[in-house]
file upload.cif (mmCIF, C-alpha atoms)
data_my_file
#
loop_
_atom_site.label_atom_id
_atom_site.label_comp_id
_atom_site.auth_asym_id
_atom_site.auth_seq_id
_atom_site.Cartn_x
_atom_site.Cartn_y
_atom_site.Cartn_z
CA MET A 1 -66.88 66.68 40.75
CA THR A 2 -66.18 69.53 43.19
CA THR A 3 -66.38 73.23 42.29
CA VAL A 4 -62.57 73.45 42.25
CA GLU A 5 -62.33 70.39 40.00
CA ARG A 6 -64.87 71.87 37.59
CA LEU A 7 -62.92 75.11 37.40
CA ARG A 8 -59.78 73.12 36.50
CA ASP A 9 -61.54 70.74 34.13
CA PRO A 10 -59.40 70.61 30.94
CA ALA A 11 -62.51 69.98 28.82
CA ARG A 12 -63.95 73.28 30.00
CA GLU A 13 -60.69 75.11 29.38
CA HIS A 14 -60.59 73.82 25.78
CA ARG A 15 -64.21 74.70 25.01
CA PHE A 16 -65.73 78.09 24.30
CA VAL A 17 -69.37 78.63 23.36
CA THR A 18 -70.15 81.65 21.19
CA SER A 19 -73.14 83.94 21.61
CA ASP A 20 -75.10 81.93 19.03
CA GLY A 21 -74.34 78.63 20.75
CA CYS A 22 -71.47 77.25 18.64
CA ALA A 23 -68.89 75.31 20.67
CA LEU A 24 -65.30 76.04 19.62
CA HIS A 25 -62.19 74.05 20.50
CA VAL A 26 -59.60 76.36 22.10
CA GLU A 27 -55.90 76.06 23.00
CA LEU A 28 -54.40 78.71 25.33
CA ASN A 29 -50.72 78.13 26.08
CA GLY A 30 -47.77 79.92 27.64
CA PRO A 31 -47.25 82.10 30.70
CA ALA A 32 -50.35 83.95 31.90
CA ASP A 33 -48.24 86.97 32.83
CA ALA A 34 -46.71 87.38 29.35
CA ALA A 35 -46.54 90.96 28.14
CA VAL A 36 -48.40 90.17 24.90
CA THR A 37 -50.64 87.37 23.60
CA LEU A 38 -50.24 85.94 20.12
CA VAL A 39 -53.57 84.95 18.51
CA LEU A 40 -53.20 82.44 15.67
CA VAL A 41 -56.08 81.96 13.22
CA HIS A 42 -56.01 79.07 10.74
CA GLY A 43 -57.44 78.83 7.24
CA TRP A 44 -60.18 77.04 5.32
CA THR A 45 -60.20 73.20 5.69
CA GLN A 46 -57.57 73.38 8.44
CA ASP A 47 -57.56 73.64 12.25
CA HIS A 48 -55.32 74.90 15.07
CA ARG A 49 -52.67 72.28 14.20
CA THR A 50 -51.75 74.38 11.16
CA TRP A 51 -49.56 76.36 13.56
CA ASP A 52 -47.78 73.40 15.24
CA GLY A 53 -44.51 73.93 13.37
CA VAL A 54 -44.55 77.67 14.01
CA MET A 55 -45.22 77.04 17.70
CA ASP A 56 -42.18 74.76 17.89
CA HIS A 57 -39.98 77.63 16.71
CA LEU A 58 -41.57 80.29 18.92
CA GLY A 59 -40.58 78.54 22.14
CA PRO A 60 -42.40 78.02 25.47
CA GLY A 61 -42.15 81.61 26.68
CA VAL A 62 -44.74 82.95 24.22
CA ARG A 63 -48.39 83.09 25.24
CA THR A 64 -50.59 81.87 22.40
CA LEU A 65 -54.30 81.54 21.75
CA ARG A 66 -55.26 79.05 19.04
CA TYR A 67 -58.67 77.65 18.21
CA ASP A 68 -60.61 75.74 15.57
CA LEU A 69 -62.91 77.91 13.47
CA ARG A 70 -66.53 76.78 13.47
CA GLY A 71 -66.98 73.87 11.09
CA HIS A 72 -63.33 72.85 11.44
CA GLY A 73 -61.34 70.49 13.65
CA GLY A 74 -62.90 69.92 17.06
CA SER A 75 -65.41 72.77 16.78
CA ALA A 76 -69.12 72.44 16.07
CA PRO A 77 -70.40 72.83 12.50
CA ALA A 78 -71.44 76.10 10.93
CA THR A 79 -74.80 76.50 9.23
CA ARG A 80 -75.43 78.15 5.86
CA GLU A 81 -76.38 81.30 7.77
CA THR A 82 -73.32 81.27 10.09
CA GLY A 83 -70.72 80.00 7.62
CA THR A 84 -69.57 83.54 6.89
CA ILE A 85 -66.40 85.52 7.43
CA PRO A 86 -68.19 88.26 9.45
CA ARG A 87 -69.42 85.55 11.83
CA LEU A 88 -65.85 84.26 12.16
CA ALA A 89 -64.76 87.79 13.08
CA ASP A 90 -67.45 87.97 15.76
CA ASP A 91 -66.36 84.57 17.10
CA LEU A 92 -62.81 85.86 17.35
CA ALA A 93 -63.88 89.05 19.14
CA GLU A 94 -65.95 87.06 21.64
CA LEU A 95 -63.16 84.56 22.23
CA ILE A 96 -60.63 87.33 22.89
CA ALA A 97 -63.03 89.03 25.32
CA ALA A 98 -63.51 85.79 27.23
CA ARG A 99 -60.01 84.29 27.23
CA VAL A 100 -57.68 87.29 26.82
CA PRO A 101 -59.77 90.18 28.19
CA SER A 102 -56.85 92.57 28.65
CA GLY A 103 -53.38 93.31 27.35
CA PRO A 104 -51.83 93.81 23.92
CA LEU A 105 -52.35 91.31 21.09
CA VAL A 106 -50.45 90.24 18.01
CA LEU A 107 -52.71 88.63 15.39
CA ALA A 108 -51.51 86.15 12.79
CA GLY A 109 -53.89 84.71 10.20
CA HIS A 110 -53.30 82.16 7.48
CA SER A 111 -55.54 82.22 4.38
CA MET A 112 -59.16 82.48 5.63
CA GLY A 113 -57.64 83.31 9.02
CA GLY A 114 -56.15 86.46 7.52
CA MET A 115 -59.54 87.28 6.01
CA THR A 116 -61.04 86.86 9.49
CA MET A 117 -58.53 89.41 10.79
CA MET A 118 -59.63 91.88 8.12
CA ALA A 119 -63.28 91.31 9.03
CA LEU A 120 -62.37 91.84 12.69
CA ALA A 121 -60.90 95.24 11.77
CA GLU A 122 -64.08 96.01 9.83
CA ARG A 123 -66.58 94.93 12.49
CA HIS A 124 -64.64 95.59 15.70
CA PRO A 125 -62.36 98.54 14.96
CA GLU A 126 -62.21 99.60 18.62
CA LEU A 127 -60.81 96.22 19.66
CA VAL A 128 -58.23 96.32 16.89
CA GLY A 129 -57.32 99.95 17.49
CA ASP A 130 -57.04 99.62 21.27
CA ARG A 131 -55.30 96.27 21.63
CA VAL A 132 -53.68 94.98 18.43
CA VAL A 133 -49.98 95.89 18.37
CA GLY A 134 -48.90 93.63 15.51
CA ALA A 135 -50.44 91.78 12.56
CA ALA A 136 -49.13 88.99 10.32
CA PHE A 137 -50.99 88.21 7.10
CA VAL A 138 -49.86 84.77 5.93
CA ALA A 139 -50.77 83.57 2.42
CA THR A 140 -54.06 85.43 2.34
CA SER A 141 -56.12 87.88 0.27
CA SER A 142 -58.27 90.98 0.67
CA GLY A 143 -60.61 90.13 -2.22
CA GLN A 144 -61.28 89.01 -5.81
CA MET A 145 -61.07 85.36 -4.79
CA ASP A 146 -63.82 84.57 -7.29
CA ARG A 147 -61.25 85.13 -10.06
CA ILE A 148 -58.70 82.56 -8.87
CA THR A 149 -57.51 80.26 -11.66
CA LEU A 150 -55.29 77.97 -9.54
CA GLY A 151 -52.36 79.07 -11.67
CA LEU A 152 -53.83 77.45 -14.78
CA PRO A 153 -53.82 79.33 -18.10
CA GLY A 154 -56.68 80.26 -20.40
CA MET A 155 -59.79 78.10 -20.51
CA ALA A 156 -58.42 75.70 -17.89
CA GLY A 157 -58.14 78.56 -15.41
CA GLN A 158 -61.65 79.79 -16.18
CA PHE A 159 -63.02 76.27 -15.73
CA SER A 160 -61.28 75.89 -12.36
CA ALA A 161 -62.94 79.07 -11.08
CA ARG A 162 -66.40 77.83 -12.14
CA PHE A 163 -65.72 74.38 -10.71
CA GLU A 164 -64.83 75.84 -7.31
CA ARG A 165 -68.18 77.65 -7.14
CA ARG A 166 -70.08 74.48 -8.08
CA LEU A 167 -68.10 72.47 -5.54
CA ALA A 168 -68.97 74.98 -2.81
CA LYS A 169 -72.66 74.69 -3.63
CA ALA A 170 -72.54 70.89 -3.61
CA LEU A 171 -70.67 70.77 -0.30
CA SER A 172 -73.04 73.21 1.38
CA HIS A 173 -75.91 70.77 0.79
CA ARG A 174 -74.03 67.66 1.95
CA LYS A 175 -75.60 65.83 4.90
CA GLY A 176 -72.64 63.70 6.03
CA GLU A 177 -70.21 64.58 8.80
CA ARG A 178 -67.07 63.73 6.83
CA LEU A 179 -65.92 64.11 3.24
CA PRO A 180 -66.18 60.87 1.21
CA LEU A 181 -62.55 61.04 0.12
CA SER A 182 -59.63 58.72 0.73
CA PRO A 183 -56.46 60.09 2.37
CA ALA A 184 -54.49 59.16 -0.75
CA MET A 185 -56.83 61.23 -2.94
CA VAL A 186 -56.60 64.23 -0.62
CA ARG A 187 -52.80 64.02 -0.43
CA SER A 188 -52.56 63.98 -4.22
CA GLY A 189 -54.76 67.06 -4.53
CA ALA A 190 -52.95 68.86 -1.73
CA ARG A 191 -49.56 68.25 -3.34
CA PHE A 192 -50.73 70.14 -6.44
CA LEU A 193 -53.01 72.79 -4.94
CA VAL A 194 -51.50 74.02 -1.69
CA PHE A 195 -47.80 73.15 -1.67
CA GLY A 196 -44.82 74.48 -3.55
CA GLU A 197 -41.66 72.58 -4.38
CA HIS A 198 -40.81 69.30 -2.65
CA PRO A 199 -43.45 69.09 0.11
CA ARG A 200 -42.57 66.90 3.08
CA ARG A 201 -44.64 63.78 3.72
CA ALA A 202 -45.42 64.87 7.27
CA ASP A 203 -46.84 68.17 5.99
CA LEU A 204 -48.99 66.39 3.41
CA ARG A 205 -50.31 64.05 6.12
CA LEU A 206 -51.14 66.96 8.42
CA VAL A 207 -53.02 68.93 5.76
CA THR A 208 -54.88 65.77 4.71
CA ASP A 209 -55.91 64.89 8.25
CA GLN A 210 -57.18 68.39 8.93
CA LEU A 211 -59.29 68.44 5.75
CA LEU A 212 -60.82 65.06 6.54
CA CYS A 213 -61.74 66.30 10.04
CA ALA A 214 -63.62 69.34 8.71
CA HIS A 215 -67.41 69.43 8.32
CA PRO A 216 -68.33 69.23 4.60
CA ALA A 217 -71.37 71.52 4.57
CA SER A 218 -69.46 74.10 6.60
CA LEU A 219 -66.63 74.00 4.08
CA GLY A 220 -69.09 74.68 1.28
CA ALA A 221 -70.57 77.67 3.07
CA PHE A 222 -67.15 79.14 3.79
CA GLN A 223 -65.90 78.56 0.26
CA ASP A 224 -68.84 80.58 -0.97
CA ALA A 225 -68.04 83.28 1.63
CA ILE A 226 -64.42 83.40 0.47
CA SER A 227 -65.51 83.98 -3.13
CA THR A 228 -67.34 87.18 -2.11
CA HIS A 229 -64.75 88.37 0.45
CA ASP A 230 -63.84 92.03 -0.21
CA ARG A 231 -62.10 93.81 2.67
CA ARG A 232 -59.34 95.89 1.13
CA VAL A 233 -60.87 99.02 2.68
CA ALA A 234 -60.92 97.39 6.14
CA LEU A 235 -57.13 97.19 6.12
CA ALA A 236 -56.99 100.94 6.76
CA THR A 237 -57.76 100.23 10.41
CA LEU A 238 -54.36 98.52 10.69
CA ARG A 239 -52.29 101.25 9.03
CA GLY A 240 -49.57 102.28 11.44
CA THR A 241 -49.68 98.91 13.24
CA PRO A 242 -46.43 96.93 12.84
CA SER A 243 -47.33 94.33 10.22
CA VAL A 244 -45.86 91.71 7.93
CA VAL A 245 -47.29 90.23 4.73
CA LEU A 246 -45.94 86.76 3.89
CA ALA A 247 -46.49 85.12 0.49
CA GLY A 248 -45.32 82.00 -1.31
CA GLU A 249 -44.27 82.64 -4.90
CA ARG A 250 -45.95 79.37 -5.97
CA ASP A 251 -49.21 79.94 -4.09
CA ARG A 252 -52.11 78.85 -6.34
CA LEU A 253 -54.91 79.76 -3.90
CA CYS A 254 -53.86 83.24 -2.74
CA PRO A 255 -51.44 84.34 -5.46
CA LEU A 256 -48.57 86.73 -4.97
CA ALA A 257 -50.53 89.59 -6.56
CA HIS A 258 -53.11 89.33 -3.78
CA ALA A 259 -50.44 89.68 -1.12
CA LYS A 260 -49.11 92.73 -2.96
CA VAL A 261 -52.54 94.39 -2.67
CA ILE A 262 -52.44 93.93 1.11
CA ALA A 263 -48.91 95.28 1.29
CA ASP A 264 -49.93 98.34 -0.77
CA GLU A 265 -52.75 99.07 1.70
CA LEU A 266 -50.28 98.76 4.60
CA PRO A 267 -47.35 100.80 3.30
CA ASP A 268 -45.31 100.36 6.48
CA ALA A 269 -45.68 96.56 6.46
CA GLU A 270 -42.79 94.26 5.64
CA PHE A 271 -43.56 92.29 2.48
CA VAL A 272 -41.77 88.93 2.37
CA ARG A 273 -41.82 86.58 -0.62
CA PHE A 274 -40.78 82.93 -0.30
CA PRO A 275 -39.39 81.45 -3.53
CA GLY A 276 -40.52 77.88 -4.17
CA ALA A 277 -43.18 77.96 -1.45
CA GLY A 278 -46.90 77.43 -1.98
CA HIS A 279 -49.95 78.22 0.12
CA MET A 280 -49.04 76.32 3.29
CA LEU A 281 -46.36 78.65 4.62
CA PRO A 282 -46.92 77.63 8.28
CA GLN A 283 -45.68 74.16 7.28
CA GLU A 284 -43.38 74.87 4.33
CA ARG A 285 -41.55 77.77 6.00
CA ALA A 286 -42.42 77.29 9.69
CA GLY A 287 -39.14 78.65 11.04
CA GLU A 288 -39.17 81.76 8.86
CA VAL A 289 -42.84 82.46 9.62
CA ALA A 290 -42.08 82.11 13.34
CA ASN A 291 -39.15 84.53 13.01
CA ARG A 292 -41.34 87.18 11.37
CA ILE A 293 -44.07 86.77 13.98
CA GLY A 294 -41.45 86.77 16.74
CA ALA A 295 -40.19 90.12 15.47
CA LEU A 296 -43.69 91.55 15.90
CA LEU A 297 -43.82 90.20 19.45
CA ARG A 298 -40.50 91.84 20.25
CA VAL A 299 -41.58 95.20 18.81
CA SER A 300 -44.68 95.16 20.98
#

call {"tool": "encode", "arguments": {"input": "upload.cif", "output": "structure tokens"}}
result
Amino acid sequence: MTTVERLRDPAREHRFVTSDGCALHVELNGPADAAVTLVLVHGWTQDHRTWDGVMDHLGPGVRTLRYDLRGHGGSAPATRETGTIPRLADDLAELIAARVPSGPLVLAGHSMGGMTMMALAERHPELVGDRVVGAAFVATSSGQMDRITLGLPGMAGQFSARFERRLAKALSHRKGERLPLSPAMVRSGARFLVFGEHPRRADLRLVTDQLLCAHPASLGAFQDAISTHDRRVALATLRGTPSVVLAGERDRLCPLAHAKVIADELPDAEFVRFPGAGHMLPQERAGEVANRIGALLRVS
């Protein structure tokens, strides 16, 4: 392979190695001379495909940076030490420096992706202050995730919170590369946990496939990290930045009250509630999510 061929090698373009040696799968699309770059960060158990439907509605003229978080999709696994939200924020900062070293940015994060954005503001305030011109928080939370009851009342809700913590511990010690679950079992759980009314089969298949591609021990480490996530104060860095907070009214994982906390910390943000929608807004309401993100791109 010649030097020119190596420089154009698609495998190299889709691979980024972090400072601690973790290889991430990366997708950079759209015109290189675009005025602004949209950075899309997916959530726990998912990968860059979470944003496929939103991308379809944004159109080809938007420059986008998507990637798989460590331990997810085509990226290398996380360890117990690196399966943390601060490490995800550092990965994002390094990736931006390498692939989008200049120009304004709009950030959009779904679930743990939104938490990663908050950690980025906490750990890299200069980057956020100098370059971020818009932020979309999609079905996410700034803290108190250890109190989630999955929408179940009373003792059932308390049990679900304890079960999640035990599941995280069990997953973090798992040696296998894939979860020992059938697609049918995952689809059934996803229908209840992450979707609202009348989920489409294609959306269920996509969420299922992404979960089954994720690294089990990494998922356990990140679930534990989510339970201790507390970054309400970090949101202050984004005050004054055009922002939108999007929430499904039937979200069991990041309930509406959590979105309201984010909106309260960003008083100028637009707070949008989606009746009937659950946690997977990038699939359930792809067009509307794209419209809200597109508005941020136009403002910038």

call {"tool": "closest_residue", "arguments": {"input": "upload.cif", "among": "A:Leu193, A:Val36, A:Leu253, A:Ala135", "to": "Arg239 (chain A)", "atoms": "all atoms listed in the file"}}
result
A:Ala135

call {"tool": "resolve_selection", "arguments": {"input": "upload.cif", "expression": "the PyMOL selection byres ((chain A and resi 95) around 12)", "output": "ChimeraX atom specification"}}
result
/A:14-19,22-28,39,41,65-69,88-94,96-101

call {"tool": "resolve_selection", "arguments": {"input": "upload.cif", "expression": "the PyMOL selection byres ((chain A and resi 229) around 8)", "output": "ChimeraX atom specification"}}
result
/A:85,115,142-145,225-228,230-231

call {"tool": "closest_residue", "arguments": {"input": "upload.cif", "among": "A:Gly74, A:Gly30, A:Pro267, A:Gly278", "to": "Leu58 (chain A)", "atoms": "all atoms listed in the file"}}
result
A:Gly30

call {"tool": "closest_residue", "arguments": {"input": "upload.cif", "among": "A:Val261, A:Met185, A:Val245, A:Val207", "to": "Ala108 (chain A)", "atoms": "all atoms listed in the file"}}
result
A:Val245

call {"tool": "decode", "arguments": {"input": "upload.cif", "residues": "region 53-76 of chain A", "atoms": "N, CA and C atoms", "output": "mmCIF file, in the first residue's frame"}}
result
data_model
loop_
_atom_site.group_PDB
_atom_site.id
_atom_site.type_symbol
_atom_site.label_atom_id
_atom_site.label_comp_id
_atom_site.auth_asym_id
_atom_site.auth_seq_id
_atom_site.Cartn_x
_atom_site.Cartn_y
_atom_site.Cartn_z
ATOM 1 N N GLY A 53 -31.950 7.477 11.989
ATOM 2 C CA GLY A 53 -33.201 8.122 11.584
ATOM 3 C C GLY A 53 -33.105 9.632 11.615
ATOM 4 N N VAL A 54 -32.423 10.170 12.623
ATOM 5 C CA VAL A 54 -32.222 11.621 12.697
ATOM 6 C C VAL A 54 -31.389 12.095 11.529
ATOM 7 N N MET A 55 -30.350 11.344 11.185
ATOM 8 C CA MET A 55 -29.494 11.697 10.049
ATOM 9 C C MET A 55 -30.293 11.758 8.755
ATOM 10 N N ASP A 56 -31.223 10.833 8.579
ATOM 11 C CA ASP A 56 -32.040 10.825 7.365
ATOM 12 C C ASP A 56 -32.824 12.119 7.210
ATOM 13 N N HIS A 57 -33.255 12.691 8.327
ATOM 14 C CA HIS A 57 -34.046 13.920 8.281
ATOM 15 C C HIS A 57 -33.180 15.177 8.211
ATOM 16 N N LEU A 58 -31.928 15.087 8.623
ATOM 17 C CA LEU A 58 -31.053 16.263 8.578
ATOM 18 C C LEU A 58 -30.625 16.599 7.163
ATOM 19 N N GLY A 59 -30.468 15.594 6.316
ATOM 20 C CA GLY A 59 -30.063 15.836 4.941
ATOM 21 C C GLY A 59 -28.555 15.784 4.764
ATOM 22 N N PRO A 60 -28.086 15.718 3.497
ATOM 23 C CA PRO A 60 -26.662 15.511 3.213
ATOM 24 C C PRO A 60 -25.788 16.739 3.417
ATOM 25 N N GLY A 61 -26.371 17.900 3.573
ATOM 26 C CA GLY A 61 -25.562 19.117 3.678
ATOM 27 C C GLY A 61 -25.014 19.394 5.061
ATOM 28 N N VAL A 62 -25.360 18.555 6.045
ATOM 29 C CA VAL A 62 -24.921 18.764 7.425
ATOM 30 C C VAL A 62 -23.670 17.924 7.692
ATOM 31 N N ARG A 63 -22.657 18.535 8.262
ATOM 32 C CA ARG A 63 -21.461 17.786 8.640
ATOM 33 C C ARG A 63 -21.661 17.188 10.025
ATOM 34 N N THR A 64 -21.486 15.873 10.131
ATOM 35 C CA THR A 64 -21.736 15.189 11.389
ATOM 36 C C THR A 64 -20.550 14.328 11.803
ATOM 37 N N LEU A 65 -20.319 14.267 13.091
ATOM 38 C CA LEU A 65 -19.344 13.363 13.688
ATOM 39 C C LEU A 65 -20.107 12.442 14.625
ATOM 40 N N ARG A 66 -20.084 11.148 14.296
ATOM 41 C CA ARG A 66 -20.668 10.123 15.160
ATOM 42 C C ARG A 66 -19.582 9.118 15.504
ATOM 43 N N TYR A 67 -19.746 8.427 16.615
ATOM 44 C CA TYR A 67 -18.773 7.403 16.983
ATOM 45 C C TYR A 67 -19.406 6.449 17.979
ATOM 46 N N ASP A 68 -18.768 5.296 18.168
ATOM 47 C CA ASP A 68 -19.219 4.332 19.170
ATOM 48 C C ASP A 68 -18.424 4.560 20.454
ATOM 49 N N LEU A 69 -19.115 4.798 21.548
ATOM 50 C CA LEU A 69 -18.451 4.920 22.839
ATOM 51 C C LEU A 69 -17.668 3.648 23.140
ATOM 52 N N ARG A 70 -16.607 3.765 23.899
ATOM 53 C CA ARG A 70 -15.839 2.567 24.266
ATOM 54 C C ARG A 70 -16.762 1.539 24.924
ATOM 55 N N GLY A 71 -16.551 0.276 24.541
ATOM 56 C CA GLY A 71 -17.408 -0.791 25.058
ATOM 57 C C GLY A 71 -18.691 -0.991 24.282
ATOM 58 N N HIS A 72 -18.902 -0.218 23.231
ATOM 59 C CA HIS A 72 -20.138 -0.271 22.456
ATOM 60 C C HIS A 72 -19.819 -0.419 20.960
ATOM 61 N N GLY A 73 -20.748 -1.042 20.232
ATOM 62 C CA GLY A 73 -20.631 -1.116 18.784
ATOM 63 C C GLY A 73 -19.303 -1.680 18.312
ATOM 64 N N GLY A 74 -18.648 -0.927 17.405
ATOM 65 C CA GLY A 74 -17.384 -1.367 16.838
ATOM 66 C C GLY A 74 -16.167 -0.882 17.588
ATOM 67 N N SER A 75 -16.343 -0.294 18.759
ATOM 68 C CA SER A 75 -15.216 0.194 19.548
ATOM 69 C C SER A 75 -14.706 -0.883 20.504
ATOM 70 N N ALA A 76 -13.468 -0.699 20.958
ATOM 71 C CA ALA A 76 -12.858 -1.652 21.885
ATOM 72 C C ALA A 76 -13.529 -1.564 23.257
#
